[in-house]
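What follows is one structure encoded as structure tokens, with my remarks underneath.
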Amino acid sequence: MIQDNPANKITVLGKTFNTEEERRNYFRKELRKHLPELKKMEGFPIGDDQDVLKLSDPPYFTACPNPWLKDFIHEWEKEKEILEKQGKRKSGEQVVLPYTENIIESVNNEIYRAHTYHTKVPHPAICRLYFHYTKPGDIVIDSFGGTGMAGVAARKCDGNDKELSNRFTYEFKEISDLQIGGRRAILNDLSPIAYHISKVFNSNFDVIKLDKIVKEFKKSLASSIDSLYKTNYNDKKIAFNYLVWSEMLLCKSCGAELNYHDLTSDYDKKIFTETLTCLECGTSQKRTEAIPLKETVFDEYLNKTTEQIKYVPVHLNFSANKRRITKVPDAFDLSLAFTDISNEKNIYVPTDAITVGDKSSDPFRVGVRNIHQFYSPRIRLFLKTYLSLVDSDKYSLYSDFLVFVLTAILPKLTRMNRYMPKHGSRALVGPMANTLYIPPMYVENNPLDQFDFQAKKIIKAFIDKHSLNVGQIGSATNLTNLSDSSVDYVFIDPPFGANIMYSELNQITESWLNVKTNNKEEAIENKSQHKGKLDYQGLMLNSFNELYRILKPGKYMTVQFSNTSAAIWNTIQNAIKQSGFIISNVITNDNTRGGLHAMLGPTAVKQNLIINCFKPVENVSKETLANCSKSLIDLTNEILNHLPIILIREKSRVNIYERTAKLLYDKLLTQYIVKGLPVPIDSKLYRKLLEENFIERDGMFFSNEQVQIYDKNKIEVPDFVQLSILVSSEQDGVMWLKNLLKDNNLAYQDIQPQWMQALTGLRKGDFVPELAIILEENFLKDEQGKWYVPDPENEADLEKLRTKRLLKLFEVYKAEAAKPKGKIKEVRVEALRAGFKQCYQDKDFKTIVIIGDRIPNNLLMEDEVLLQFYDIALNRV
């Protein structure tokens, strides 16, 4: 981290230094002493001590658990007192209602575009939450920190970014001068590459000096590399833009060589096909039908021969006379394409074997089994030249920034960059998201162009300077280097099930850092890691338990959710509740574009969901809850004080699900279960308690103070949208969808966010199918791909097909129940209903009783249809 003026004395945690380099060296020595103890903590990365220290910038950022976090928090708490004395921060605690406005925030800013990653939340979206939930000087944490946007947002709240602060002041009139001020962020992530990006994003740089250094660095780099990225044109050597490499195959009929690019791409006629026609025998075949042409080559990095699918240069693009020109590579181009000089700089090129995982099968198919094989020969030479320059004394002070630029362009330098000529001017489509895939045609970009373009873009992101945050590599399941009740707010955007295999995808870039993810505690579903939904749920619960422990009572946690799976949605909500948090509300966050993983297609998530929840105050403890009548009212008050009072959408008041008797009872129930106490009241009696102690309006309950605010707004906004159906079963889901689609046809992307918000309180053991399946079984699509409610005749036909599918699933349950002592832990209730009905018609009462005894008892007792069939069958067996 380069500070404003290196000539000034630098004081960190009570110690004073003459320069940043002196500070860094001192704390690296101290960090080395801590390493033996830190290695005992979950999440310590894989790498040599020296590489861990090299990647660290202590005491702020450490490439391992950070031993100075408690020291920073102690200093930050003192800073709060100073801010209060200066009148820059309100004193005392205020009750904060949850944020209720749906967030729409563009990713069109310099920071977001500076470095790619699988997922990112634009920092202005997080700033909105900080202004609402926190005060200047407050301590925030993101334990799934990713690229550090939560830290960037904390810094940007200080008002130094005039454009951002003016926009917020204009958009939110209620933001006062007392809300403008930096927050202090703690950033944690399991991934070294995420940590590295976060560390640099949360640094300060002298951009004038940095611009000069970058120009000098590029000049040094070009002197070694530039000549390798030239081509001949009109007797001159000029730089080219990119070179396309094509897979070679063998004809399935005659064995002749097939050049995939040449046989599928006709630029003159603009014909691009997937079919290859053999020039020798005329056989037409798809790429998957032809035989891959494999060749044996000597790998100088591994010092052994390897077998790989053969690729050859086929298409070169360069610029001349203010236009882009293409040509077939000539002998000169071919001679340079395979240039990789073996020398002492080979040590900079990682040769680690690829981890066998859910996403590694395609590289293995091509013959790529080691990291360096993801790069063409000339790119490898560029990379080792680059890193050797970074290590030189001249650039050592700027190594963090220069490595940041390198990791930003690395995705554009691998053999995974797809070339698809049918897209014309947009033929360079980049790597496929969320997988390791080497395409049949890949692009070798000119790395000097990539460096120049990216470095200029990145420098713009560091114009403003802000206070420094802290960070670490560590597991979210183990935050023992933080004290209980020590942070003021939590914002996280955690992994969601099998959405993204972070450690598998990150291993390529992390290998260049020589520090890799320890994925033992990685919270994902992954067959190769032997992690299923239950393992994922356990890891997320442990993570939420830690966040609950370190968050101050009465404070909020915000969880961003970006997954289409109802099962993962339920898993996250259950883990939040089991850890002790109480969910206040759910809103949407539309980033208008996502990170690298912003997928397209019929099930892409158009909007992320944001869960706001809070940690109850300390007086709602296990002991207090045991004091029945008073605790019920106190806890209900605590919940109501953290729920929205009024929601206005499109000039109408809308219902607040969380204030209904059903959901209030669910929240209260969870608190007793989490604390291991018997539930003192049923839903019917709790409803009576609500009516006697609180005030009901429009099916929602309020305290006396809250209802006055609600009634005032009710006069100002008289229109009210009636309560929607809450989805707690498949049957509810169908009714909810019919209600939603009765007036307008909607696409899946428009339905999905609303569906997630309505989905709540599923019964234990009840399996509700994914939204896509329910839509397919009960609704029809129009020509635009939008779903609508079918007319009665079509609905009857759909019902017949659906019943057939349900009865097929019922046969599975029937076979499971027939096994000795067979228990069915999870079922699709609609399949049981269809099966019980069929058994009743067939007078097969025995099957109804057997299955009824083997399913979870709550499903049988809570479903009146199943119970009716069961009672009848029980009397007739």
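Chain labels run A, B, ... following the order of the structure tokens; each chain numbers its residues from 1, and ligands are numbered from 1 in the order shown.
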
Residues within 10 Å of Lys684 (chain A), please, as JSON, numbers by chain. Count only C-alpha atoms; anything in the same chain fewer than 3 positions from it doesn't count. {"A": [661, 662, 665, 681, 687, 688, 689]}

Generate a file of the selected residues that holds all heavy atoms, formatted as a PDB file, in the first residue's frame.
```pdb
ATOM      1  N   ALA A 661     -49.627 -12.857  11.475  1.00  0.00           N
ATOM      2  CA  ALA A 661     -49.573 -13.733  12.654  1.00  0.00           C
ATOM      3  C   ALA A 661     -48.787 -15.002  12.367  1.00  0.00           C
ATOM      4  O   ALA A 661     -48.030 -15.483  13.218  1.00  0.00           O
ATOM      5  CB  ALA A 661     -50.998 -14.075  13.102  1.00  0.00           C
ATOM      6  N   LYS A 662     -48.958 -15.549  11.177  1.00  0.00           N
ATOM      7  CA  LYS A 662     -48.272 -16.800  10.829  1.00  0.00           C
ATOM      8  C   LYS A 662     -46.753 -16.653  10.889  1.00  0.00           C
ATOM      9  O   LYS A 662     -46.048 -17.457  11.508  1.00  0.00           O
ATOM     10  CB  LYS A 662     -48.691 -17.260   9.427  1.00  0.00           C
ATOM     11  CG  LYS A 662     -48.043 -18.565   8.989  1.00  0.00           C
ATOM     12  CD  LYS A 662     -48.441 -18.918   7.556  1.00  0.00           C
ATOM     13  CE  LYS A 662     -47.916 -20.279   7.146  1.00  0.00           C
ATOM     14  NZ  LYS A 662     -46.457 -20.405   7.193  1.00  0.00           N
ATOM     15  N   TYR A 665     -45.349 -15.882  14.388  1.00  0.00           N
ATOM     16  CA  TYR A 665     -45.288 -17.108  15.190  1.00  0.00           C
ATOM     17  C   TYR A 665     -44.082 -17.962  14.761  1.00  0.00           C
ATOM     18  O   TYR A 665     -43.379 -18.517  15.602  1.00  0.00           O
ATOM     19  CB  TYR A 665     -46.581 -17.906  15.037  1.00  0.00           C
ATOM     20  CG  TYR A 665     -46.593 -19.172  15.868  1.00  0.00           C
ATOM     21  CD1 TYR A 665     -46.669 -19.114  17.259  1.00  0.00           C
ATOM     22  CD2 TYR A 665     -46.530 -20.430  15.272  1.00  0.00           C
ATOM     23  CE1 TYR A 665     -46.672 -20.263  18.035  1.00  0.00           C
ATOM     24  CE2 TYR A 665     -46.535 -21.588  16.027  1.00  0.00           C
ATOM     25  CZ  TYR A 665     -46.603 -21.506  17.409  1.00  0.00           C
ATOM     26  OH  TYR A 665     -46.593 -22.655  18.169  1.00  0.00           O
ATOM     27  N   ILE A 681     -46.491 -22.135  23.553  1.00  0.00           N
ATOM     28  CA  ILE A 681     -47.790 -21.663  23.049  1.00  0.00           C
ATOM     29  C   ILE A 681     -47.987 -22.154  21.623  1.00  0.00           C
ATOM     30  O   ILE A 681     -47.022 -22.275  20.857  1.00  0.00           O
ATOM     31  CB  ILE A 681     -47.842 -20.108  23.112  1.00  0.00           C
ATOM     32  CG1 ILE A 681     -49.253 -19.584  22.891  1.00  0.00           C
ATOM     33  CG2 ILE A 681     -46.861 -19.488  22.120  1.00  0.00           C
ATOM     34  CD1 ILE A 681     -49.401 -18.089  23.187  1.00  0.00           C
ATOM     35  N   ARG A 687     -52.000 -16.146  18.391  1.00  0.00           N
ATOM     36  CA  ARG A 687     -52.836 -15.174  17.668  1.00  0.00           C
ATOM     37  C   ARG A 687     -53.662 -14.357  18.676  1.00  0.00           C
ATOM     38  O   ARG A 687     -53.797 -13.133  18.551  1.00  0.00           O
ATOM     39  CB  ARG A 687     -53.751 -15.924  16.706  1.00  0.00           C
ATOM     40  CG  ARG A 687     -54.846 -15.075  16.093  1.00  0.00           C
ATOM     41  CD  ARG A 687     -54.390 -14.360  14.878  1.00  0.00           C
ATOM     42  NE  ARG A 687     -55.309 -13.329  14.470  1.00  0.00           N
ATOM     43  CZ  ARG A 687     -55.359 -12.815  13.243  1.00  0.00           C
ATOM     44  NH1 ARG A 687     -54.529 -13.236  12.331  1.00  0.00           N
ATOM     45  NH2 ARG A 687     -56.206 -11.862  12.947  1.00  0.00           N
ATOM     46  N   LYS A 688     -54.184 -15.025  19.683  1.00  0.00           N
ATOM     47  CA  LYS A 688     -54.967 -14.346  20.719  1.00  0.00           C
ATOM     48  C   LYS A 688     -54.090 -13.361  21.494  1.00  0.00           C
ATOM     49  O   LYS A 688     -54.506 -12.235  21.800  1.00  0.00           O
ATOM     50  CB  LYS A 688     -55.572 -15.380  21.663  1.00  0.00           C
ATOM     51  CG  LYS A 688     -56.532 -14.785  22.678  1.00  0.00           C
ATOM     52  CD  LYS A 688     -57.151 -15.870  23.553  1.00  0.00           C
ATOM     53  CE  LYS A 688     -58.106 -15.252  24.575  1.00  0.00           C
ATOM     54  NZ  LYS A 688     -58.671 -16.281  25.490  1.00  0.00           N
ATOM     55  N   LEU A 689     -52.848 -13.792  21.800  1.00  0.00           N
ATOM     56  CA  LEU A 689     -51.911 -12.916  22.506  1.00  0.00           C
ATOM     57  C   LEU A 689     -51.623 -11.664  21.683  1.00  0.00           C
ATOM     58  O   LEU A 689     -51.553 -10.552  22.220  1.00  0.00           O
ATOM     59  CB  LEU A 689     -50.618 -13.671  22.801  1.00  0.00           C
ATOM     60  CG  LEU A 689     -49.520 -12.910  23.553  1.00  0.00           C
ATOM     61  CD1 LEU A 689     -48.809 -13.841  24.534  1.00  0.00           C
ATOM     62  CD2 LEU A 689     -48.492 -12.322  22.576  1.00  0.00           C
TER      63      LEU A 689
END
```

Per residue of region 704-755 of chain A within 12 Å of region 633-642 of chain A, record the nearest atom pair and its distance in Å to one decimal, counting only C-alpha atoms, with rows in chain order and ascending residue number, as a tab-separated table.
```
residue	atom	partner	partner_atom	distance
A:Asn704	CA	A:Asn637	CA	10.5
A:Glu705	CA	A:Asn641	CA	10.0
A:Gln706	CA	A:Asn641	CA	8.5
A:Val707	CA	A:Leu640	CA	11.0
```

Which residues are close to Asp464 (chain A), i.e. within 10 Å by only C-alpha atoms, leaving aside same-chain residues fewer than 5 positions away? Reply as a count of residues only. 9

Leu258 (chain A): which residues within 7 Å, counting only C-alpha atoms, same-chain residues fewer than 6 positions away excluded, as JSON, numbers by chain? {"A": [248, 249, 250, 251, 278]}

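Each of A:Tyr242, A:Tyr710, A:Trp512, A:Phe614 was checked against Thr558 (chain A) using only C-alpha atoms; the smallest atom-to-atom distance is that of A:Phe614.
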
Can you list, as a tab-separated table (two decimals) with N, CA, C and O atoms, in the first residue's frame, every protein, DNA or RNA residue that comes within 10 Å of Ala154 (chain A) when you count only C-alpha atoms, leaving out same-chain residues fewer than 5 positions away?
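What follows is the written file around_4.tsv:
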```tsv
chain	number	residue	atom	x	y	z
A	123	HIS	N	-20.16	-1.62	-5.42
A	123	HIS	CA	-20.03	-1.00	-4.10
A	123	HIS	C	-21.09	0.08	-3.81
A	123	HIS	O	-21.47	0.24	-2.64
A	124	PRO	N	-21.62	0.82	-4.80
A	124	PRO	CA	-22.67	1.79	-4.44
A	124	PRO	C	-23.90	1.14	-3.83
A	124	PRO	O	-24.58	1.76	-3.00
A	126	ILE	N	-23.86	-1.40	-1.79
A	126	ILE	CA	-23.55	-1.65	-0.39
A	126	ILE	C	-23.51	-0.33	0.38
A	126	ILE	O	-23.88	-0.28	1.56
A	127	CYS	N	-23.05	0.74	-0.27
A	127	CYS	CA	-23.07	2.06	0.38
A	127	CYS	C	-24.47	2.41	0.86
A	127	CYS	O	-24.65	2.96	1.96
A	130	TYR	N	-25.00	0.69	4.08
A	130	TYR	CA	-24.18	1.28	5.15
A	130	TYR	C	-24.81	2.57	5.68
A	130	TYR	O	-24.87	2.80	6.88
A	131	PHE	N	-25.26	3.42	4.76
A	131	PHE	CA	-25.86	4.68	5.19
A	131	PHE	C	-27.10	4.43	6.03
A	131	PHE	O	-27.44	5.22	6.91
A	136	PRO	N	-20.86	6.67	10.84
A	136	PRO	CA	-19.42	6.85	10.58
A	136	PRO	C	-18.59	6.22	11.70
A	136	PRO	O	-18.89	6.38	12.88
A	137	GLY	N	-17.58	5.47	11.28
A	137	GLY	CA	-16.70	4.81	12.25
A	137	GLY	C	-17.15	3.42	12.63
A	137	GLY	O	-16.39	2.68	13.27
A	138	ASP	N	-18.36	3.02	12.26
A	138	ASP	CA	-18.84	1.69	12.61
A	138	ASP	C	-17.98	0.61	11.94
A	138	ASP	O	-17.41	0.82	10.86
A	139	ILE	N	-17.95	-0.55	12.59
A	139	ILE	CA	-17.12	-1.67	12.12
A	139	ILE	C	-18.02	-2.68	11.42
A	139	ILE	O	-18.98	-3.19	12.00
A	140	VAL	N	-17.71	-2.96	10.16
A	140	VAL	CA	-18.49	-3.90	9.36
A	140	VAL	C	-17.61	-5.07	8.96
A	140	VAL	O	-16.38	-4.96	8.93
A	141	ILE	N	-18.23	-6.21	8.67
A	141	ILE	CA	-17.47	-7.38	8.25
A	141	ILE	C	-18.16	-8.06	7.09
A	141	ILE	O	-19.39	-8.10	7.02
A	148	GLY	N	-13.68	-7.71	-2.20
A	148	GLY	CA	-13.54	-6.62	-1.24
A	148	GLY	C	-14.45	-5.43	-1.48
A	148	GLY	O	-14.18	-4.34	-0.99
A	149	MET	N	-15.56	-5.64	-2.22
A	149	MET	CA	-16.46	-4.51	-2.49
A	149	MET	C	-17.10	-3.96	-1.21
A	149	MET	O	-17.41	-2.76	-1.13
A	181	GLY	N	-19.26	9.65	6.26
A	181	GLY	CA	-18.05	9.32	7.01
A	181	GLY	C	-17.67	7.88	6.77
A	181	GLY	O	-18.55	7.01	6.62
A	182	GLY	N	-16.40	7.60	6.71
A	182	GLY	CA	-15.94	6.25	6.42
A	182	GLY	C	-16.33	5.25	7.48
A	182	GLY	O	-16.44	5.57	8.66
A	183	ARG	N	-16.60	4.02	7.05
A	183	ARG	CA	-16.79	2.91	7.96
A	183	ARG	C	-15.52	2.07	7.93
A	183	ARG	O	-14.70	2.20	7.03
A	184	ARG	N	-15.34	1.21	8.91
A	184	ARG	CA	-14.15	0.37	8.99
A	184	ARG	C	-14.54	-1.07	8.66
A	184	ARG	O	-15.45	-1.63	9.29
A	185	ALA	N	-13.86	-1.67	7.70
A	185	ALA	CA	-14.26	-2.99	7.23
A	185	ALA	C	-13.23	-4.06	7.52
A	185	ALA	O	-12.02	-3.83	7.43
A	186	ILE	N	-13.73	-5.23	7.89
A	186	ILE	CA	-12.92	-6.44	8.02
A	186	ILE	C	-13.34	-7.37	6.89
A	186	ILE	O	-14.52	-7.71	6.75
A	202	ASN	N	-8.57	-2.16	-1.73
A	202	ASN	CA	-8.68	-1.41	-0.47
A	202	ASN	C	-7.36	-0.73	-0.10
A	202	ASN	O	-7.10	-0.46	1.08
A	466	HIS	N	-8.65	6.92	0.57
A	466	HIS	CA	-9.55	6.73	1.69
A	466	HIS	C	-8.82	6.02	2.83
A	466	HIS	O	-7.68	5.57	2.68
A	467	SER	N	-9.51	5.90	3.97
A	467	SER	CA	-8.93	5.18	5.11
A	467	SER	C	-8.74	3.71	4.76
A	467	SER	O	-9.39	3.18	3.86
A	468	LEU	N	-7.83	3.06	5.48
A	468	LEU	CA	-7.48	1.68	5.17
A	468	LEU	C	-8.32	0.68	5.96
A	468	LEU	O	-8.63	0.90	7.13
A	469	ASN	N	-8.68	-0.43	5.30
A	469	ASN	CA	-9.39	-1.51	5.95
A	469	ASN	C	-8.41	-2.64	6.29
A	469	ASN	O	-7.21	-2.53	6.05
```

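Contact shell of Gly47 (chain A) at 8 Å (only C-alpha atoms; same-chain neighbours under 2 positions omitted): Pro45, Asp49, Asp51, Val52, Asn514, Val515 and Lys516 of chain A.
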
Writing out the chosen residues with all heavy atoms as a PDB file, in the first residue's frame:
```pdb
ATOM      1  N   PRO A  45      -4.180 -21.037   4.110  1.00  0.00           N
ATOM      2  CA  PRO A  45      -4.035 -21.448   2.704  1.00  0.00           C
ATOM      3  C   PRO A  45      -2.901 -22.443   2.472  1.00  0.00           C
ATOM      4  O   PRO A  45      -2.068 -22.683   3.350  1.00  0.00           O
ATOM      5  CB  PRO A  45      -3.754 -20.123   1.988  1.00  0.00           C
ATOM      6  CG  PRO A  45      -3.065 -19.294   3.033  1.00  0.00           C
ATOM      7  CD  PRO A  45      -3.725 -19.663   4.331  1.00  0.00           C
ATOM      8  N   ASP A  49       5.658 -20.727   3.547  1.00  0.00           N
ATOM      9  CA  ASP A  49       5.620 -19.556   4.435  1.00  0.00           C
ATOM     10  C   ASP A  49       6.070 -18.294   3.714  1.00  0.00           C
ATOM     11  O   ASP A  49       5.469 -17.221   3.867  1.00  0.00           O
ATOM     12  CB  ASP A  49       6.510 -19.790   5.657  1.00  0.00           C
ATOM     13  CG  ASP A  49       5.918 -20.807   6.619  1.00  0.00           C
ATOM     14  OD1 ASP A  49       4.815 -21.324   6.329  1.00  0.00           O
ATOM     15  OD2 ASP A  49       6.558 -21.092   7.648  1.00  0.00           O
ATOM     16  N   ASP A  51       5.933 -17.509   0.577  1.00  0.00           N
ATOM     17  CA  ASP A  51       4.933 -17.016  -0.374  1.00  0.00           C
ATOM     18  C   ASP A  51       3.746 -16.379   0.349  1.00  0.00           C
ATOM     19  O   ASP A  51       3.170 -15.391  -0.126  1.00  0.00           O
ATOM     20  CB  ASP A  51       4.458 -18.159  -1.270  1.00  0.00           C
ATOM     21  CG  ASP A  51       5.547 -18.618  -2.240  1.00  0.00           C
ATOM     22  OD1 ASP A  51       6.218 -17.750  -2.819  1.00  0.00           O
ATOM     23  OD2 ASP A  51       5.730 -19.833  -2.391  1.00  0.00           O
ATOM     24  N   VAL A  52       3.368 -16.934   1.500  1.00  0.00           N
ATOM     25  CA  VAL A  52       2.298 -16.347   2.307  1.00  0.00           C
ATOM     26  C   VAL A  52       2.706 -14.961   2.783  1.00  0.00           C
ATOM     27  O   VAL A  52       1.926 -14.001   2.730  1.00  0.00           O
ATOM     28  CB  VAL A  52       1.964 -17.263   3.507  1.00  0.00           C
ATOM     29  CG1 VAL A  52       1.046 -16.546   4.497  1.00  0.00           C
ATOM     30  CG2 VAL A  52       1.313 -18.554   3.027  1.00  0.00           C
ATOM     31  N   ASN A 514       1.320 -18.551  -6.121  1.00  0.00           N
ATOM     32  CA  ASN A 514       1.990 -19.588  -5.318  1.00  0.00           C
ATOM     33  C   ASN A 514       1.306 -19.819  -3.973  1.00  0.00           C
ATOM     34  O   ASN A 514       1.905 -20.385  -3.059  1.00  0.00           O
ATOM     35  CB  ASN A 514       3.477 -19.244  -5.082  1.00  0.00           C
ATOM     36  CG  ASN A 514       4.275 -19.298  -6.365  1.00  0.00           C
ATOM     37  OD1 ASN A 514       4.096 -20.203  -7.174  1.00  0.00           O
ATOM     38  ND2 ASN A 514       5.135 -18.313  -6.567  1.00  0.00           N
ATOM     39  N   VAL A 515       0.073 -19.381  -3.836  1.00  0.00           N
ATOM     40  CA  VAL A 515      -0.721 -19.633  -2.628  1.00  0.00           C
ATOM     41  C   VAL A 515      -2.121 -20.016  -3.105  1.00  0.00           C
ATOM     42  O   VAL A 515      -2.734 -19.287  -3.880  1.00  0.00           O
ATOM     43  CB  VAL A 515      -0.798 -18.389  -1.719  1.00  0.00           C
ATOM     44  CG1 VAL A 515      -1.571 -18.716  -0.449  1.00  0.00           C
ATOM     45  CG2 VAL A 515       0.594 -17.879  -1.368  1.00  0.00           C
ATOM     46  N   LYS A 516      -2.613 -21.182  -2.634  1.00  0.00           N
ATOM     47  CA  LYS A 516      -3.897 -21.687  -3.135  1.00  0.00           C
ATOM     48  C   LYS A 516      -4.890 -21.955  -2.008  1.00  0.00           C
ATOM     49  O   LYS A 516      -4.528 -22.059  -0.840  1.00  0.00           O
ATOM     50  CB  LYS A 516      -3.671 -22.958  -3.969  1.00  0.00           C
ATOM     51  CG  LYS A 516      -2.918 -22.678  -5.265  1.00  0.00           C
ATOM     52  CD  LYS A 516      -3.033 -23.817  -6.263  1.00  0.00           C
ATOM     53  CE  LYS A 516      -2.156 -24.991  -5.880  1.00  0.00           C
ATOM     54  NZ  LYS A 516      -2.118 -25.997  -6.960  1.00  0.00           N
TER      55      LYS A 516
END
```

Running DSSP on the backbone, which parts of region 287-483 of chain A land in strand (DSSP E), as a PyMOL selection string? chain A and resi 291-292+294-299+304-309+311-320+323-327+418-419+428-430+441-445+470-473

Quick one: residues within 9 Å of Ile238 (chain A), only C-alpha atoms counted, chain neighbours fewer than 6 positions away excluded, as a list in words? Tyr229, Lys230, Thr231, Asn232, Phe318, Ser319 and Ala320 of chain A
